[in-house]
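Written out below as structure tokens is the structure these notes cover.
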Amino acid sequence: MVHLVHKAHKIDAAMGTIPVDPLWWQTLFDEVYLITDARSVCNEELTRREVDFLVAYMRIGKSDSILDLCGGHGRHSLELARRGYNSTTVLDYSGVLVQLGKAKAAAQRLPVSFVQGDARSAGLAAERFDFVLVMANSFGYFQDDHDNLQILREAHRLCRPEGRLLLDLLDPGYVVEQFKPFSVHRATEDITVHRKRELTDNLIRVRETVVSRKEGRIRDSVYCERLFKKDELMSLLRQAGFDQVGFKSDFSSHIQPGDYGFMTRRLIVTAVRR
Ligand SMILES: C[S@@+](CC[C@H](N)C(=O)[O-])C[C@H]1O[C@@H](n2cnc3c(N)ncnc32)[C@H](O)[C@@H]1O
């Protein structure tokens, strides 16, 4: 087990009482995340259901080129490749997840390309993809919308003309309705995840403490996610060069009722590159 205790180093009292390091997303997504979020991101049946939805909802063809932006260890792309979609690329910042995805693709002989990089400036050729997919609450990590917009601008640059973007986001209505200031989740026999949450106007902050029975506290970190109203998303997408923006509320890929944190109910947003 890797021992990681992240120290938040920027406190902005005016923005809430839980201090958030603006670069939290650069360190959170590692081996510990694969345990704390396993119910959602290491559940193959759930990933298959999400891919069923993606393929049908976006009408993705087998020869279409797909970018799985902020794609983590590539669970959607690996499943797409298993189904014969043979032009998928995963881009993610996390070296741990990119290496894991690469190893899985090699072991299963699946044609998925993995690239480590920042979604604000991916370093990939322009107009290369028919679809850009941003799955599982991977957008809205920046408190400054200038950076969130930069991801959309980059998605626009990477899409072919008439290419389509899908964002799978936190559903702000659900977050507010179901808000729980504290939760405890037993991730494994050994590991328990404690979450303390704070909701301000358009941001949710979470302090996550991960405790191992055997090893004690193995993580203490803080992350945040931006809650977008539909008109804010519309405006950001238009500024980035997309139109035909569509929304689908109440998206859930979990079959068993339960509290899966931010992944319980989501907002699907689609747009077409101008
Ligand atoms: C909640 S995970 C979801 C991963 C994947 N989409 C899935 O469904 O399993 C969010 C992912 O976004 C990635 N990420 C966050 N900000 C990023 C950025 N600026 N550039 C590239 N990847 C980023 C993280 O490294 C992490 O793997």
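Ligands are numbered from 1 in the order shown, chains are lettered A, B, ... in the order of the structure tokens, and residues start at 1 in each chain.
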
What are the closest atom pairs, with distances in Å to one decimal, for all residues of chain A lying within 8 Å of ligand 1? Consider only C-alpha atoms and all ligand atoms, order rows by chain and residue number, and present the result as a tab-separated table.
residue	atom	partner	partner_atom_place_in_ligand_line	distance
A:Trp25	CA	ligand 1	15 (C)	5.4
A:Gln26	CA	ligand 1	25 (O)	6.5
A:Thr27	CA	ligand 1	25 (O)	8.0
A:Leu28	CA	ligand 1	25 (O)	7.6
A:Phe29	CA	ligand 1	25 (O)	5.3
A:Ser40	CA	ligand 1	9 (O)	7.8
A:Val41	CA	ligand 1	9 (O)	4.9
A:Cys42	CA	ligand 1	9 (O)	7.8
A:Asp68	CA	ligand 1	6 (N)	7.1
A:Leu69	CA	ligand 1	22 (N)	6.9
A:Cys70	CA	ligand 1	12 (O)	4.0
A:Gly71	CA	ligand 1	6 (N)	3.8
A:Gly72	CA	ligand 1	27 (O)	3.5
A:His73	CA	ligand 1	9 (O)	6.3
A:Gly74	CA	ligand 1	9 (O)	6.4
A:Arg75	CA	ligand 1	9 (O)	5.8
A:His76	CA	ligand 1	8 (O)	6.9
A:Leu91	CA	ligand 1	21 (C)	6.3
A:Asp92	CA	ligand 1	22 (N)	3.8
A:Tyr93	CA	ligand 1	21 (C)	3.9
A:Ser94	CA	ligand 1	25 (O)	4.4
A:Leu97	CA	ligand 1	27 (O)	6.5
A:Gln116	CA	ligand 1	21 (C)	7.5
A:Gly117	CA	ligand 1	21 (C)	5.6
A:Asp118	CA	ligand 1	20 (N)	3.5
A:Ala119	CA	ligand 1	20 (N)	3.7
A:Arg120	CA	ligand 1	19 (N)	5.8
A:Ala122	CA	ligand 1	20 (N)	7.8
A:Val134	CA	ligand 1	6 (N)	6.1
A:Met135	CA	ligand 1	6 (N)	4.3
A:Ala136	CA	ligand 1	8 (O)	4.4
A:Asn137	CA	ligand 1	1 (C)	5.5
A:Ser138	CA	ligand 1	10 (C)	4.2
A:Phe139	CA	ligand 1	16 (N)	7.1
A:Tyr141	CA	ligand 1	16 (N)	6.6
A:Ile151	CA	ligand 1	19 (N)	7.4

Exercise. Can you list, as a list in words, every protein, DNA or RNA residue that comes within 6 Å of A:Tyr85 when you count only C-alpha atoms, leaving out same-chain residues fewer than 4 positions away?
Worked result: Lys62, Leu80 and Ala81 of chain A

Can you write out the residues you just picked, keeping N, CA and C atoms, as a PDB file, in the first residue's frame?
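What follows is the written file out-v1.pdb:
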ATOM      1  N   LYS A  62     -18.406   1.935 -35.461  1.00  0.00           N
ATOM      2  CA  LYS A  62     -17.204   1.136 -35.149  1.00  0.00           C
ATOM      3  C   LYS A  62     -15.922   1.785 -35.696  1.00  0.00           C
ATOM      4  N   LEU A  80     -14.869  -0.392 -25.158  1.00  0.00           N
ATOM      5  CA  LEU A  80     -15.194  -0.089 -26.564  1.00  0.00           C
ATOM      6  C   LEU A  80     -14.331  -0.944 -27.492  1.00  0.00           C
ATOM      7  N   ALA A  81     -13.056  -1.043 -27.179  1.00  0.00           N
ATOM      8  CA  ALA A  81     -12.148  -1.841 -28.022  1.00  0.00           C
ATOM      9  C   ALA A  81     -12.564  -3.313 -28.026  1.00  0.00           C
TER      10      ALA A  81
END

For this session: Could you find all residues in stretch 8-238 of chain A that DSSP calls helix (DSSP H, G or I) from the backbone, and write them as a PyMOL selection string?
Result: chain A and resi 13-15+24-26+31-36+38-41+44-58+75-82+95-107+145-158+172-177+230-238

For this session: Within 7 Å of A:Ser113, counting only C-alpha atoms, which residues show up once you throw out same-chain ones fewer than 5 positions away? Write them as a VMD selection string, please.
Result: chain A and resid 88 to 90

For the residues in that selection, give me N, CA and C atoms as an mmCIF file, in the first residue's frame.
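For reference, selection-v3.cif as written:
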data_model
loop_
_atom_site.group_PDB
_atom_site.id
_atom_site.type_symbol
_atom_site.label_atom_id
_atom_site.label_comp_id
_atom_site.auth_asym_id
_atom_site.auth_seq_id
_atom_site.Cartn_x
_atom_site.Cartn_y
_atom_site.Cartn_z
ATOM 1 N N THR A 88 -9.583 4.188 -30.458
ATOM 2 C CA THR A 88 -9.822 4.907 -29.207
ATOM 3 C C THR A 88 -8.492 5.355 -28.590
ATOM 4 N N THR A 89 -8.518 6.569 -28.048
ATOM 5 C CA THR A 89 -7.341 7.138 -27.376
ATOM 6 C C THR A 89 -7.779 7.628 -26.002
ATOM 7 N N VAL A 90 -6.994 7.298 -25.001
ATOM 8 C CA VAL A 90 -7.247 7.788 -23.639
ATOM 9 C C VAL A 90 -6.198 8.844 -23.323
#

Problem set entry | Two-atom distance - atom CA of A:Ile204, atom CA of A:Arg226 (Å) | 6.5 Å

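Residues surrounding A:Thr188 within 10 Å are Ile35, Thr36, Ala38, Thr192, Val193 and Ser212 of chain A [only C-alpha atoms; sequence separation below 4 positions excluded].
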
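Closest approach to A:Ile18 among A:Ala103, A:Leu167, A:Cys159, A:Val222 is made by A:Val222 (distances from only C-alpha atoms).
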
Problem set entry | Pick from A:Lys180, A:Arg219, A:Arg164, A:Arg213, whichever lies nearest to A:Val269 using only C-alpha atoms |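 Closest residue, counting only C-alpha atoms: A:Arg164.
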
A:Ile60: which residues within 10 Å, counting only C-alpha atoms, same-chain residues fewer than 4 positions away excluded, as a tab-separated table (two decimals) with N, CA and C atoms, in the first residue's frame?
chain	number	residue	atom	x	y	z
A	54	LEU	N	-23.40	4.99	-23.95
A	54	LEU	CA	-22.62	5.90	-24.82
A	54	LEU	C	-22.82	5.60	-26.29
A	55	VAL	N	-22.72	4.32	-26.62
A	55	VAL	CA	-22.79	3.89	-28.01
A	55	VAL	C	-24.17	4.21	-28.59
A	56	ALA	N	-25.21	3.93	-27.81
A	56	ALA	CA	-26.57	4.15	-28.30
A	56	ALA	C	-26.90	5.65	-28.33
A	64	ASP	N	-15.44	5.08	-36.03
A	64	ASP	CA	-15.26	6.45	-35.55
A	64	ASP	C	-14.04	6.54	-34.62
A	65	SER	N	-13.38	7.69	-34.67
A	65	SER	CA	-12.25	7.87	-33.74
A	65	SER	C	-12.76	8.58	-32.48
A	66	ILE	N	-12.33	8.04	-31.35
A	66	ILE	CA	-12.90	8.45	-30.06
A	66	ILE	C	-11.77	8.88	-29.13
A	85	TYR	N	-14.58	-1.35	-31.48
A	85	TYR	CA	-14.30	0.06	-31.80
A	85	TYR	C	-12.79	0.19	-31.74
A	130	ASP	N	-13.81	12.03	-33.97
A	130	ASP	CA	-15.25	12.18	-34.23
A	130	ASP	C	-15.99	12.43	-32.92
A	131	PHE	N	-15.49	11.85	-31.84
A	131	PHE	CA	-16.15	11.99	-30.54
A	131	PHE	C	-15.10	12.29	-29.46
A	164	ARG	N	-18.54	15.43	-32.05
A	164	ARG	CA	-19.44	15.61	-30.91
A	164	ARG	C	-18.74	15.39	-29.58

For this session: Point out the residue among A:Ser121, A:Leu78, A:Leu152, A:Val175 with the least atom-to-atom distance to A:Arg205, counting only C-alpha atoms.
Result: A:Val175

Problem set entry | DSSP strand (DSSP E) residues within stretch 2-179 of chain A, listed as JSON, numbers by chain | {"A": [66, 67, 68, 69, 88, 89, 90, 91, 92, 112, 113, 114, 115, 116, 129, 130, 131, 132, 133, 134, 159, 160, 161, 162, 163, 164, 165, 166, 167, 168, 169, 170]}

Problem set entry | Pick from A:Ala105, A:Val98, A:Val184, A:Leu165 nearest to A:Glu79, counting only C-alpha atoms | A:Ala105

For this session: Quick one: pull the distance between atom CA of A:Val115 and atom CA of A:Val32, Å, one decimal.
Result: 21.2 Å

Problem set entry | Between atom CA of A:Leu267 and atom CA of A:Val20, distance in Å (one decimal) |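 Between atom CA of A:Leu267 and atom CA of A:Val20 the gap works out to 24.3 Å.
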
Exercise. Looking at A:Arg265, A:Gly241, A:Asp37, A:Asp231, which one is nearest to A:Glu177, with distances taken over only C-alpha atoms?
Worked result: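 Comparing A:Arg265, A:Gly241, A:Asp37, A:Asp231 against A:Glu177, the winner is A:Arg265.
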
Proximity check stretch 130-208 of chain A to stretch 247-258 of chain A, 10 Å, nearest pairs one decimal Å, only C-alpha atoms, as a tab-separated table:
residue	atom	partner	partner_atom	distance
A:Leu166	CA	A:Phe247	CA	9.8
A:Leu167	CA	A:Phe247	CA	9.6
A:Asp168	CA	A:Phe251	CA	8.7
A:Leu169	CA	A:Phe251	CA	9.4
A:Leu170	CA	A:Phe251	CA	9.8
A:Asp171	CA	A:Ser249	CA	7.2
A:Pro172	CA	A:Ser249	CA	10.0
A:Gly173	CA	A:Ser249	CA	9.4
A:Tyr174	CA	A:Asp250	CA	8.5
